[in-house]
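Dropping work_8.cif in here (mmCIF, C-alpha atoms):
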data_structure
#
loop_
_atom_site.label_atom_id
_atom_site.label_comp_id
_atom_site.auth_asym_id
_atom_site.auth_seq_id
_atom_site.Cartn_x
_atom_site.Cartn_y
_atom_site.Cartn_z
CA MET A 1 4.46 13.63 17.69
CA PRO A 2 7.41 11.27 18.21
CA LEU A 3 9.11 9.71 15.21
CA ASP A 4 8.00 6.24 14.19
CA GLN A 5 10.35 3.82 16.01
CA SER A 6 9.56 1.08 13.50
CA PHE A 7 11.95 2.87 11.09
CA VAL A 8 14.95 1.82 13.21
CA GLY A 9 16.94 -0.92 11.48
CA ARG A 10 15.15 -0.47 8.16
CA SER A 11 17.10 -0.18 4.91
CA TRP A 12 15.88 1.17 1.61
CA PRO A 13 16.53 -0.04 -1.94
CA ALA A 14 19.68 1.33 -3.59
CA THR A 15 19.25 4.70 -5.28
CA GLU A 16 19.77 5.27 -8.99
CA PRO A 17 23.49 5.77 -9.74
CA TYR A 18 24.76 9.32 -9.22
CA GLN A 19 27.18 10.26 -12.01
CA VAL A 20 30.05 12.20 -10.46
CA GLY A 21 31.10 14.90 -12.89
CA ARG A 22 34.47 16.63 -13.07
CA GLU A 23 32.83 20.05 -13.28
CA LYS A 24 30.62 19.29 -10.26
CA ILE A 25 33.70 18.47 -8.18
CA ARG A 26 35.40 21.66 -9.38
CA GLU A 27 32.27 23.69 -8.59
CA PHE A 28 32.05 22.20 -5.09
CA ALA A 29 35.77 22.78 -4.46
CA ARG A 30 35.47 26.41 -5.61
CA ALA A 31 32.43 26.90 -3.36
CA ILE A 32 34.43 25.88 -0.28
CA GLY A 33 37.51 27.80 -1.42
CA ALA A 34 39.62 24.67 -1.88
CA THR A 35 42.33 25.30 -4.44
CA ASP A 36 44.28 22.00 -4.18
CA ALA A 37 45.29 20.98 -7.70
CA GLU A 38 43.92 17.44 -7.26
CA TYR A 39 40.35 18.83 -7.04
CA HIS A 40 40.70 20.79 -10.28
CA ASP A 41 43.40 19.31 -12.50
CA PRO A 42 43.05 15.70 -13.73
CA GLU A 43 46.82 15.48 -14.31
CA ALA A 44 47.50 16.34 -10.65
CA ALA A 45 44.98 13.70 -9.53
CA ARG A 46 46.53 11.10 -11.88
CA ALA A 47 49.90 11.78 -10.22
CA LEU A 48 48.28 10.52 -6.98
CA GLY A 49 46.98 7.44 -8.79
CA TYR A 50 43.38 8.49 -9.51
CA ALA A 51 41.64 8.35 -12.87
CA ASP A 52 40.35 11.94 -12.64
CA VAL A 53 39.94 14.80 -10.18
CA VAL A 54 39.16 13.76 -6.57
CA ALA A 55 36.46 15.34 -4.42
CA PRO A 56 36.97 17.17 -1.11
CA PRO A 57 36.09 15.13 2.02
CA THR A 58 32.61 16.59 2.55
CA PHE A 59 31.55 16.33 -1.11
CA PRO A 60 29.64 13.03 -0.56
CA VAL A 61 26.96 14.92 1.37
CA ALA A 62 25.86 16.51 -1.91
CA ILE A 63 24.92 12.97 -2.99
CA THR A 64 23.68 11.54 0.30
CA MET A 65 21.51 14.50 1.29
CA ALA A 66 19.43 14.02 -1.85
CA ALA A 67 19.44 10.24 -1.40
CA SER A 68 18.21 10.41 2.21
CA ARG A 69 15.00 12.13 1.10
CA GLN A 70 13.60 8.62 0.62
CA ILE A 71 13.66 8.36 4.43
CA ILE A 72 13.01 11.84 5.74
CA GLU A 73 10.19 12.64 3.32
CA ASP A 74 8.27 9.45 4.13
CA PRO A 75 5.14 10.79 5.87
CA ALA A 76 5.00 7.67 8.04
CA LEU A 77 8.25 8.71 9.77
CA GLY A 78 6.55 11.87 11.05
CA LEU A 79 9.47 14.28 10.61
CA ASP A 80 8.62 17.99 10.38
CA TYR A 81 11.54 19.27 8.33
CA SER A 82 10.85 22.91 9.25
CA ARG A 83 11.93 22.04 12.83
CA VAL A 84 15.02 20.06 11.83
CA VAL A 85 18.61 21.11 12.48
CA HIS A 86 21.78 19.21 11.71
CA GLY A 87 23.18 17.56 14.84
CA ASP A 88 26.15 15.34 13.94
CA GLN A 89 27.91 14.34 10.77
CA LYS A 90 30.44 11.58 10.20
CA PHE A 91 32.27 10.15 7.19
CA ALA A 92 34.39 6.98 7.00
CA TYR A 93 36.23 6.75 3.70
CA ALA A 94 37.47 3.73 1.79
CA ARG A 95 38.76 6.16 -0.84
CA PRO A 96 37.91 9.64 -2.11
CA VAL A 97 35.08 10.15 -4.58
CA VAL A 98 36.58 10.49 -8.09
CA ALA A 99 35.09 12.13 -11.17
CA GLY A 100 33.63 9.42 -13.38
CA ASP A 101 32.31 7.38 -10.44
CA ALA A 102 28.72 6.15 -10.69
CA LEU A 103 27.68 5.89 -7.04
CA VAL A 104 24.69 4.22 -5.46
CA CYS A 105 23.41 4.88 -1.95
CA VAL A 106 21.82 2.42 0.44
CA ASN A 107 20.12 4.26 3.29
CA SER A 108 19.34 2.86 6.73
CA VAL A 109 18.02 4.25 9.98
CA ASP A 110 20.48 3.44 12.77
CA GLU A 111 18.76 5.13 15.70
CA ILE A 112 15.76 7.17 16.78
CA THR A 113 15.80 8.68 20.26
CA SER A 114 14.01 11.39 22.24
CA ARG A 115 15.47 13.63 24.90
CA GLY A 116 14.38 16.92 26.43
CA GLY A 117 11.46 17.22 24.07
CA HIS A 118 13.67 16.85 21.00
CA ASP A 119 13.78 13.88 18.60
CA PHE A 120 17.01 12.54 17.13
CA LEU A 121 17.25 10.55 13.91
CA THR A 122 20.52 8.93 12.82
CA THR A 123 20.71 7.81 9.21
CA ARG A 124 23.53 5.81 7.65
CA THR A 125 24.24 5.82 3.93
CA GLU A 126 26.57 3.24 2.39
CA VAL A 127 27.96 4.80 -0.79
CA THR A 128 29.39 2.27 -3.23
CA THR A 129 30.09 1.92 -6.92
CA GLU A 130 27.52 0.08 -9.01
CA ALA A 131 29.79 -2.99 -8.73
CA GLY A 132 29.55 -2.75 -4.93
CA GLU A 133 33.03 -1.36 -4.20
CA PRO A 134 32.79 0.61 -0.91
CA VAL A 135 33.64 4.30 -1.25
CA VAL A 136 32.35 6.07 1.86
CA THR A 137 29.92 5.54 4.72
CA VAL A 138 28.04 8.65 5.81
CA TRP A 139 26.17 9.12 9.10
CA SER A 140 23.91 12.09 9.76
CA LYS A 141 22.10 12.86 12.98
CA LEU A 142 19.15 15.19 12.51
CA VAL A 143 17.51 16.93 15.46
CA GLN A 144 13.80 17.72 15.35
CA ARG A 145 13.37 20.51 17.85
CA GLY A 146 10.41 20.24 20.20
CA GLU A 147 7.44 22.48 19.53
CA ALA A 148 7.62 25.47 21.90
CA MET B 1 49.49 22.81 14.47
CA GLU B 2 49.12 26.33 13.15
CA PRO B 3 45.46 27.49 13.50
CA GLN B 4 43.74 28.30 10.22
CA THR B 5 41.28 31.16 9.74
CA PHE B 6 38.54 31.21 7.12
CA ARG B 7 36.42 34.24 6.20
CA VAL B 8 32.74 33.50 5.57
CA THR B 9 30.45 35.94 3.75
CA ARG B 10 26.88 35.76 2.48
CA ALA B 11 28.27 35.30 -1.03
CA ASP B 12 30.05 32.14 0.18
CA LEU B 13 26.76 30.76 1.50
CA VAL B 14 24.97 31.43 -1.78
CA ARG B 15 27.75 29.73 -3.72
CA TYR B 16 27.74 26.77 -1.31
CA ALA B 17 23.96 26.44 -1.55
CA GLY B 18 24.23 26.13 -5.32
CA ALA B 19 27.16 23.72 -5.29
CA SER B 20 25.77 21.45 -2.56
CA GLY B 21 22.08 21.58 -3.40
CA ASP B 22 21.17 22.69 0.14
CA PHE B 23 18.75 25.58 -0.45
CA ASN B 24 17.34 25.81 3.09
CA PRO B 25 16.33 29.51 3.33
CA ILE B 26 17.83 29.92 6.82
CA HIS B 27 21.15 30.09 4.93
CA TRP B 28 20.16 33.02 2.71
CA SER B 29 17.00 34.75 4.05
CA ASP B 30 17.12 36.84 7.24
CA ARG B 31 13.32 36.89 7.18
CA VAL B 32 13.06 33.10 7.36
CA ALA B 33 16.02 32.73 9.74
CA THR B 34 14.61 35.17 12.31
CA SER B 35 11.13 33.64 11.99
CA VAL B 36 12.52 30.34 13.34
CA GLY B 37 14.34 32.01 16.22
CA LEU B 38 17.81 32.42 14.75
CA PRO B 39 19.71 35.71 15.07
CA GLY B 40 19.81 35.93 11.28
CA VAL B 41 21.23 33.97 8.37
CA ILE B 42 23.56 31.19 9.54
CA ALA B 43 26.16 29.19 7.64
CA HIS B 44 25.32 25.66 6.49
CA GLY B 45 26.75 23.28 9.08
CA MET B 46 28.23 21.36 6.17
CA PHE B 47 29.93 24.54 4.93
CA THR B 48 31.63 24.93 8.31
CA MET B 49 32.59 21.24 8.19
CA ALA B 50 33.98 21.75 4.67
CA LEU B 51 36.23 24.55 5.96
CA VAL B 52 37.45 22.27 8.75
CA GLY B 53 38.05 19.64 6.07
CA ARG B 54 40.24 22.13 4.17
CA ALA B 55 42.28 22.65 7.33
CA VAL B 56 42.59 18.88 7.86
CA THR B 57 43.75 18.12 4.31
CA HIS B 58 46.18 21.05 4.56
CA TRP B 59 47.68 19.65 7.77
CA ALA B 60 47.70 16.14 6.27
CA GLY B 61 49.49 17.45 3.19
CA ALA B 62 47.27 15.46 0.81
CA PRO B 63 43.67 15.90 -0.37
CA ASP B 64 42.97 12.16 -0.15
CA ALA B 65 44.51 11.46 3.27
CA VAL B 66 41.33 11.58 5.38
CA ALA B 67 40.14 8.18 6.62
CA GLU B 68 37.46 9.42 9.04
CA PHE B 69 35.96 12.80 9.77
CA SER B 70 33.22 13.62 12.27
CA VAL B 71 31.72 16.66 13.98
CA ARG B 72 28.83 17.72 16.19
CA PHE B 73 27.26 21.07 15.34
CA SER B 74 26.95 22.69 18.75
CA ARG B 75 26.26 26.33 17.90
CA PRO B 76 25.22 28.18 14.72
CA VAL B 77 27.62 30.41 12.76
CA PRO B 78 25.76 33.70 12.11
CA VAL B 79 26.92 35.43 8.92
CA PRO B 80 26.10 39.16 8.84
CA ASP B 81 25.28 40.83 5.53
CA THR B 82 28.52 42.81 5.41
CA ASP B 83 31.57 42.76 3.16
CA GLU B 84 33.59 41.29 6.04
CA GLY B 85 31.06 38.60 7.03
CA THR B 86 32.55 36.58 9.86
CA GLU B 87 35.51 34.30 10.56
CA VAL B 88 35.86 30.66 11.53
CA VAL B 89 39.11 29.62 13.22
CA VAL B 90 40.11 25.93 13.11
CA THR B 91 42.66 24.28 15.39
CA ALA B 92 43.94 20.73 15.73
CA THR B 93 45.92 18.73 18.23
CA VAL B 94 47.35 15.26 17.63
CA LYS B 95 45.68 12.80 20.00
CA GLU B 96 47.18 9.54 18.84
CA THR B 97 49.46 8.05 16.19
CA THR B 98 49.11 4.36 15.49
CA ASP B 99 51.69 1.88 14.20
CA ASP B 100 49.77 1.42 10.96
CA GLY B 101 50.27 5.08 10.05
CA LEU B 102 47.01 6.63 11.23
CA THR B 103 46.93 9.94 13.12
CA ARG B 104 43.92 11.04 15.14
CA LEU B 105 43.36 14.80 15.32
CA ALA B 106 41.09 16.53 17.83
CA LEU B 107 39.62 19.58 16.10
CA THR B 108 38.00 22.80 17.22
CA ALA B 109 36.20 25.49 15.26
CA THR B 110 35.36 28.86 16.79
CA CYS B 111 33.43 31.89 15.56
CA GLN B 112 33.57 35.19 17.49
CA GLY B 113 35.35 33.30 20.28
CA GLU B 114 32.59 30.68 20.68
CA LYS B 115 33.03 27.01 19.88
CA VAL B 116 30.69 26.07 17.04
CA LEU B 117 31.63 22.36 16.93
CA SER B 118 32.11 19.73 19.61
CA LEU B 119 33.42 16.15 19.38
CA ALA B 120 35.15 17.10 16.13
CA GLN B 121 37.90 14.77 15.01
CA ALA B 122 39.62 13.40 11.95
CA VAL B 123 41.76 10.35 11.30
CA ILE B 124 44.36 10.87 8.61
CA ARG B 125 46.53 8.25 6.96
CA LYS B 126 50.04 8.58 5.78
CA ARG B 127 50.37 8.44 2.02
#
Here is a file; write its structure as C-alpha coordinates.
Amino acid sequence: MPLDQSFVGRSWPATEPYQVGREKIREFARAIGATDAEYHDPEAARALGYADVVAPPTFPVAITMAASRQIIEDPALGLDYSRVVHGDQKFAYARPVVAGDALVCVNSVDEITSRGGHDFLTTRTEVTTEAGEPVVTVWSKLVQRGEA
Amino acid sequence: MEPQTFRVTRADLVRYAGASGDFNPIHWSDRVATSVGLPGVIAHGMFTMALVGRAVTHWAGAPDAVAEFSVRFSRPVPVPDTDEGTEVVVTATVKETTDDGLTRLALTATCQGEKVLSLAQAVIRKR
(Lines of atoms letter the chains of each structure in order from A and count residues from 1; the text may use other names and numbers.)
(Lines give C-alpha, C1' and ligand atoms only; values in the text may rest on other atoms or scores of the structure.)
Protein backbone atom coordinates (compact mmCIF):
# COMPACT_ATOMS: atom_id res chain seq x y z
CA MET A 1 0.00 0.00 0.00
CA PRO A 2 1.41 3.43 -0.89
CA LEU A 3 2.30 5.85 1.87
CA ASP A 4 -0.28 8.46 2.81
CA GLN A 5 0.52 11.53 0.67
CA SER A 6 -1.36 13.77 3.09
CA PHE A 7 1.71 13.56 5.38
CA VAL A 8 3.72 15.72 2.96
CA GLY A 9 4.23 19.21 4.38
CA ARG A 10 3.05 18.25 7.85
CA SER A 11 5.05 19.21 10.94
CA TRP A 12 4.80 17.72 14.39
CA PRO A 13 4.96 19.40 17.80
CA ALA A 14 8.46 19.84 19.25
CA THR A 15 9.79 16.83 21.15
CA GLU A 16 10.70 16.90 24.82
CA PRO A 17 14.23 18.30 25.28
CA TYR A 18 17.03 15.75 24.83
CA GLN A 19 19.74 16.32 27.46
CA VAL A 20 23.11 15.85 25.77
CA GLY A 21 25.45 14.20 28.24
CA ARG A 22 29.24 14.31 28.22
CA GLU A 23 29.46 10.55 28.74
CA LYS A 24 27.00 9.90 25.89
CA ILE A 25 29.21 11.91 23.52
CA ARG A 26 32.29 10.03 24.73
CA GLU A 27 30.49 6.70 24.31
CA PHE A 28 29.40 7.60 20.77
CA ALA A 29 32.90 8.81 19.86
CA ARG A 30 34.45 5.58 21.22
CA ALA A 31 31.91 3.51 19.26
CA ILE A 32 33.01 5.10 15.98
CA GLY A 33 36.69 4.98 16.95
CA ALA A 34 37.05 8.77 17.06
CA THR A 35 39.86 9.72 19.41
CA ASP A 36 39.96 13.52 18.82
CA ALA A 37 40.54 15.19 22.18
CA GLU A 38 37.61 17.60 21.69
CA TYR A 39 35.15 14.66 21.84
CA HIS A 40 36.56 13.40 25.13
CA ASP A 41 38.31 16.17 27.03
CA PRO A 42 36.33 19.27 28.10
CA GLU A 43 39.55 21.31 28.34
CA ALA A 44 40.38 20.56 24.70
CA ALA A 45 36.85 21.58 23.66
CA ARG A 46 37.07 24.79 25.73
CA ALA A 47 40.26 25.65 23.83
CA LEU A 48 38.08 25.71 20.68
CA GLY A 49 35.55 27.94 22.43
CA TYR A 50 32.94 25.37 23.50
CA ALA A 51 31.52 24.95 26.99
CA ASP A 52 32.10 21.18 27.06
CA VAL A 53 33.00 18.27 24.79
CA VAL A 54 31.64 18.50 21.21
CA ALA A 55 29.93 15.64 19.38
CA PRO A 56 31.09 14.00 16.13
CA PRO A 57 29.18 15.09 12.99
CA THR A 58 26.81 12.12 12.83
CA PHE A 59 25.94 12.16 16.56
CA PRO A 60 22.65 14.08 15.99
CA VAL A 61 21.12 10.99 14.40
CA ALA A 62 21.09 9.36 17.84
CA ILE A 63 18.62 12.10 18.81
CA THR A 64 16.67 12.48 15.57
CA MET A 65 16.15 8.77 14.92
CA ALA A 66 14.26 8.47 18.19
CA ALA A 67 12.42 11.74 17.55
CA SER A 68 11.25 10.70 14.08
CA ARG A 69 9.33 7.76 15.54
CA GLN A 70 6.43 10.20 15.96
CA ILE A 71 6.18 10.13 12.15
CA ILE A 72 7.22 6.66 11.08
CA GLU A 73 5.25 4.83 13.76
CA ASP A 74 2.00 6.64 12.95
CA PRO A 75 -0.18 3.82 11.56
CA ALA A 76 -1.92 6.31 9.25
CA LEU A 77 1.34 6.79 7.31
CA GLY A 78 1.31 3.11 6.34
CA LEU A 79 5.05 2.43 6.66
CA ASP A 80 6.10 -1.21 7.15
CA TYR A 81 9.37 -0.76 9.01
CA SER A 82 10.48 -4.35 8.33
CA ARG A 83 10.83 -3.38 4.63
CA VAL A 84 12.63 -0.09 5.26
CA VAL A 85 16.24 0.64 4.37
CA HIS A 86 18.14 3.88 4.77
CA GLY A 87 18.41 5.72 1.45
CA ASP A 88 19.99 9.15 1.98
CA GLN A 89 21.21 11.14 4.93
CA LYS A 90 22.13 14.82 5.15
CA PHE A 91 23.18 17.19 7.92
CA ALA A 92 23.52 21.00 7.76
CA TYR A 93 25.19 22.35 10.88
CA ALA A 94 24.92 25.75 12.51
CA ARG A 95 27.34 24.47 15.15
CA PRO A 96 28.34 21.12 16.66
CA VAL A 97 26.23 19.54 19.38
CA VAL A 98 27.88 20.26 22.77
CA ALA A 99 27.52 18.38 26.05
CA GLY A 100 25.04 20.25 28.23
CA ASP A 101 22.76 21.15 25.31
CA ALA A 102 19.05 20.53 25.80
CA LEU A 103 17.82 19.96 22.24
CA VAL A 104 14.32 19.86 20.84
CA CYS A 105 13.35 18.37 17.48
CA VAL A 106 10.65 19.56 15.12
CA ASN A 107 9.91 16.90 12.52
CA SER A 108 8.38 17.46 9.09
CA VAL A 109 7.74 15.33 6.05
CA ASP A 110 9.36 16.97 3.01
CA GLU A 111 8.52 14.43 0.33
CA ILE A 112 6.82 11.11 -0.38
CA THR A 113 7.41 9.51 -3.77
CA SER A 114 7.05 6.12 -5.45
CA ARG A 115 9.27 4.62 -8.10
CA GLY A 116 9.83 1.10 -9.37
CA GLY A 117 7.54 -0.36 -6.75
CA HIS A 118 9.44 1.29 -3.90
CA ASP A 119 8.23 4.14 -1.68
CA PHE A 120 10.48 6.98 -0.56
CA LEU A 121 9.90 9.11 2.52
CA THR A 122 12.03 12.19 3.24
CA THR A 123 11.84 13.56 6.76
CA ARG A 124 13.42 16.79 7.97
CA THR A 125 14.24 17.44 11.61
CA GLU A 126 15.11 20.93 12.82
CA VAL A 127 17.23 20.50 15.94
CA THR A 128 17.39 23.61 18.12
CA THR A 129 18.02 24.57 21.71
CA GLU A 130 14.99 25.14 23.92
CA ALA A 131 15.48 28.87 23.29
CA GLY A 132 15.20 28.23 19.54
CA GLU A 133 18.88 28.61 18.59
CA PRO A 134 19.45 26.49 15.44
CA VAL A 135 21.99 23.69 15.89
CA VAL A 136 21.56 21.26 13.01
CA THR A 137 19.04 20.32 10.33
CA VAL A 138 18.83 16.62 9.57
CA TRP A 139 17.25 15.03 6.48
CA SER A 140 16.67 11.29 6.17
CA LYS A 141 15.30 9.49 3.15
CA LEU A 142 13.86 6.08 3.99
CA VAL A 143 13.12 3.52 1.29
CA GLN A 144 10.26 1.07 1.75
CA ARG A 145 11.09 -1.79 -0.56
CA GLY A 146 8.26 -3.17 -2.66
CA GLU A 147 6.77 -6.49 -1.63
CA ALA A 148 8.25 -9.22 -3.85
CA MET B 1 43.99 13.69 -0.14
CA GLU B 2 45.42 10.55 1.38
CA PRO B 3 42.76 7.75 1.41
CA GLN B 4 41.80 6.51 4.87
CA THR B 5 41.06 2.88 5.69
CA PHE B 6 38.81 1.75 8.53
CA ARG B 7 38.46 -1.83 9.78
CA VAL B 8 34.91 -2.88 10.69
CA THR B 9 34.17 -5.95 12.82
CA ARG B 10 31.03 -7.38 14.37
CA ALA B 11 32.19 -6.01 17.73
CA ASP B 12 32.18 -2.51 16.21
CA LEU B 13 28.56 -2.98 15.10
CA VAL B 14 27.48 -4.14 18.55
CA ARG B 15 29.20 -1.16 20.16
CA TYR B 16 27.64 1.22 17.61
CA ALA B 17 24.18 -0.27 18.15
CA GLY B 18 24.46 0.46 21.87
CA ALA B 19 25.87 3.96 21.46
CA SER B 20 23.42 5.05 18.75
CA GLY B 21 20.29 3.25 19.90
CA ASP B 22 19.85 1.53 16.51
CA PHE B 23 19.16 -2.09 17.45
CA ASN B 24 17.85 -3.27 14.07
CA PRO B 25 18.74 -7.01 14.11
CA ILE B 26 20.08 -6.95 10.52
CA HIS B 27 23.16 -5.36 12.13
CA TRP B 28 23.81 -8.21 14.58
CA SER B 29 21.81 -11.34 13.60
CA ASP B 30 22.76 -13.39 10.52
CA ARG B 31 19.46 -15.23 10.90
CA VAL B 32 17.41 -12.05 10.55
CA ALA B 33 19.70 -10.52 7.91
CA THR B 34 19.51 -13.55 5.60
CA SER B 35 15.75 -13.85 6.14
CA VAL B 36 15.31 -10.41 4.51
CA GLY B 37 17.56 -11.25 1.57
CA LEU B 38 20.87 -9.83 2.76
CA PRO B 39 24.10 -11.83 2.45
CA GLY B 40 24.48 -11.65 6.22
CA VAL B 41 24.92 -9.01 8.91
CA ILE B 42 25.57 -5.57 7.40
CA ALA B 43 26.97 -2.42 8.97
CA HIS B 44 24.60 0.37 10.00
CA GLY B 45 24.58 2.91 7.18
CA MET B 46 25.10 5.55 9.85
CA PHE B 47 28.17 3.68 11.10
CA THR B 48 29.68 3.86 7.62
CA MET B 49 28.75 7.55 7.46
CA ALA B 50 30.39 8.07 10.87
CA LEU B 51 33.64 6.59 9.54
CA VAL B 52 33.47 8.92 6.55
CA GLY B 53 32.86 11.74 9.03
CA ARG B 54 36.07 10.76 10.86
CA ALA B 55 37.95 11.01 7.57
CA VAL B 56 36.38 14.41 6.82
CA THR B 57 37.22 15.93 10.21
CA HIS B 58 40.73 14.50 9.91
CA TRP B 59 41.22 16.17 6.52
CA ALA B 60 39.62 19.38 7.83
CA GLY B 61 41.96 19.35 10.81
CA ALA B 62 39.19 20.24 13.26
CA PRO B 63 36.30 18.24 14.76
CA ASP B 64 33.88 21.16 14.41
CA ALA B 65 34.72 22.21 10.84
CA VAL B 66 31.90 20.41 9.02
CA ALA B 67 29.15 22.71 7.71
CA GLU B 68 27.29 20.15 5.59
CA PHE B 69 27.57 16.41 5.17
CA SER B 70 25.43 14.17 2.96
CA VAL B 71 25.50 10.65 1.54
CA ARG B 72 23.37 8.16 -0.36
CA PHE B 73 23.65 4.55 0.79
CA SER B 74 23.99 2.69 -2.50
CA ARG B 75 25.18 -0.75 -1.40
CA PRO B 76 25.32 -2.59 1.94
CA VAL B 77 28.59 -3.23 3.81
CA PRO B 78 28.58 -6.94 4.78
CA VAL B 79 30.58 -7.62 7.94
CA PRO B 80 31.66 -11.27 8.29
CA ASP B 81 31.92 -12.84 11.74
CA THR B 82 35.71 -13.02 11.68
CA ASP B 83 38.46 -11.33 13.66
CA GLU B 84 39.38 -9.33 10.55
CA GLY B 85 35.82 -8.27 9.64
CA THR B 86 36.01 -6.03 6.59
CA GLU B 87 37.48 -2.69 5.52
CA VAL B 88 35.98 0.58 4.34
CA VAL B 89 38.24 2.90 2.33
CA VAL B 90 37.34 6.60 2.17
CA THR B 91 38.67 9.07 -0.40
CA ALA B 92 38.06 12.76 -1.03
CA THR B 93 38.71 15.24 -3.79
CA VAL B 94 38.32 19.01 -3.49
CA LYS B 95 35.57 20.16 -5.83
CA GLU B 96 35.37 23.83 -4.97
CA THR B 97 36.78 26.44 -2.61
CA THR B 98 34.73 29.57 -2.07
CA ASP B 99 35.85 33.08 -1.14
CA ASP B 100 34.11 32.84 2.23
CA GLY B 101 36.36 29.96 3.28
CA LEU B 102 34.19 26.94 2.46
CA THR B 103 35.62 23.85 0.76
CA ARG B 104 33.41 21.28 -0.93
CA LEU B 105 34.73 17.71 -0.88
CA ALA B 106 33.45 14.90 -3.09
CA LEU B 107 33.71 11.68 -1.08
CA THR B 108 33.79 7.99 -1.90
CA ALA B 109 33.61 4.95 0.34
CA THR B 110 34.41 1.46 -0.94
CA CYS B 111 34.25 -1.99 0.61
CA GLN B 112 35.86 -4.98 -1.16
CA GLY B 113 36.37 -2.73 -4.18
CA GLU B 114 32.67 -1.78 -4.48
CA LYS B 115 31.33 1.71 -3.91
CA VAL B 116 28.97 1.67 -0.94
CA LEU B 117 28.02 5.37 -1.09
CA SER B 118 27.04 7.67 -3.93
CA LEU B 119 26.47 11.44 -4.00
CA ALA B 120 28.60 11.71 -0.87
CA GLN B 121 29.95 15.16 -0.11
CA ALA B 122 30.94 17.44 2.72
CA VAL B 123 31.38 21.18 3.03
CA ILE B 124 34.04 22.20 5.51
CA ARG B 125 34.76 25.67 6.83
CA LYS B 126 38.06 27.15 7.73
CA ARG B 127 38.46 27.75 11.43
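Applied to this file, the PyMOL selection byres ((chain B) within 8 of (chain A)) selects Asp12, Arg15, Tyr16, Ala19, Ser20, Gly21, Gly45, Met46, Phe47, Met49, Ala50, Leu51, Gly53, Arg54, Pro63, Asp64, Val66, Ala67, Glu68, Phe69, Ser70, Val71, Arg72, Phe73 and Ser74 of chain B.
Counting all atoms listed in the file, the residue from B:Ala43, B:Leu102, B:Val14, B:Ala122 that sits nearest to Val88 of chain B is B:Ala43.
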- Task: Would you work out the distance separating atom CA of Pro134 of chain A from atom CA of Arg104 of chain B, expressed in Å to one decimal?
- Result: 22.1 Å
- Carefully work through the PyMOL selection byres ((chain B and resi 10) around 12) for this structure and note down the residues it includes, as a PyMOL selection string. (chain A and resi 31) or (chain B and resi 7-9+11-17+26-30+40-44+47+77-87)
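What the PyMOL selection byres ((chain A and resi 80) around 12) grabs from this file is Met1, Pro2, Leu3, Ile72, Glu73, Asp74, Pro75, Ala76, Leu77, Gly78, Leu79, Tyr81, Ser82, Arg83, Val84, Val85, His118, Asp119, Leu121, Leu142, Val143, Gln144, Arg145, Gly146 and Glu147 of chain A.
Compared by their closest atoms to Arg124 of chain A, and using all atoms listed in the file, the residues A:Asp4, A:Ala47, A:Tyr18, A:Trp12 rank with A:Trp12 nearest.
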- Pick the closest to Glu2 of chain B from B:Val32, B:Ala92, B:Cys111, B:Ala62: which is it, counting all atoms listed in the file? B:Ala92
- Give me, please, the distance in Å between atom CA of Arg31 of chain B and atom CA of Arg75 of chain B, quoted to one decimal. 19.8 Å
- Item | Separation of atom CA of Val109 of chain A from atom CA of Thr15 of chain A in Å | 15.3 Å
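With all atoms listed in the file taken into account, the protein and nucleic acid residues at most 6 Å from Thr128 of chain A (excluding it and anything under 4 positions from it in its own chain) are Leu103, Val104, Gly132, Glu133, Pro134 and Val135 of chain A.
Using all atoms listed in the file, the nearest neighbour of Asp22 of chain B within the list A:Cys105, A:Thr64, A:Pro42, A:Thr125 is A:Thr64.
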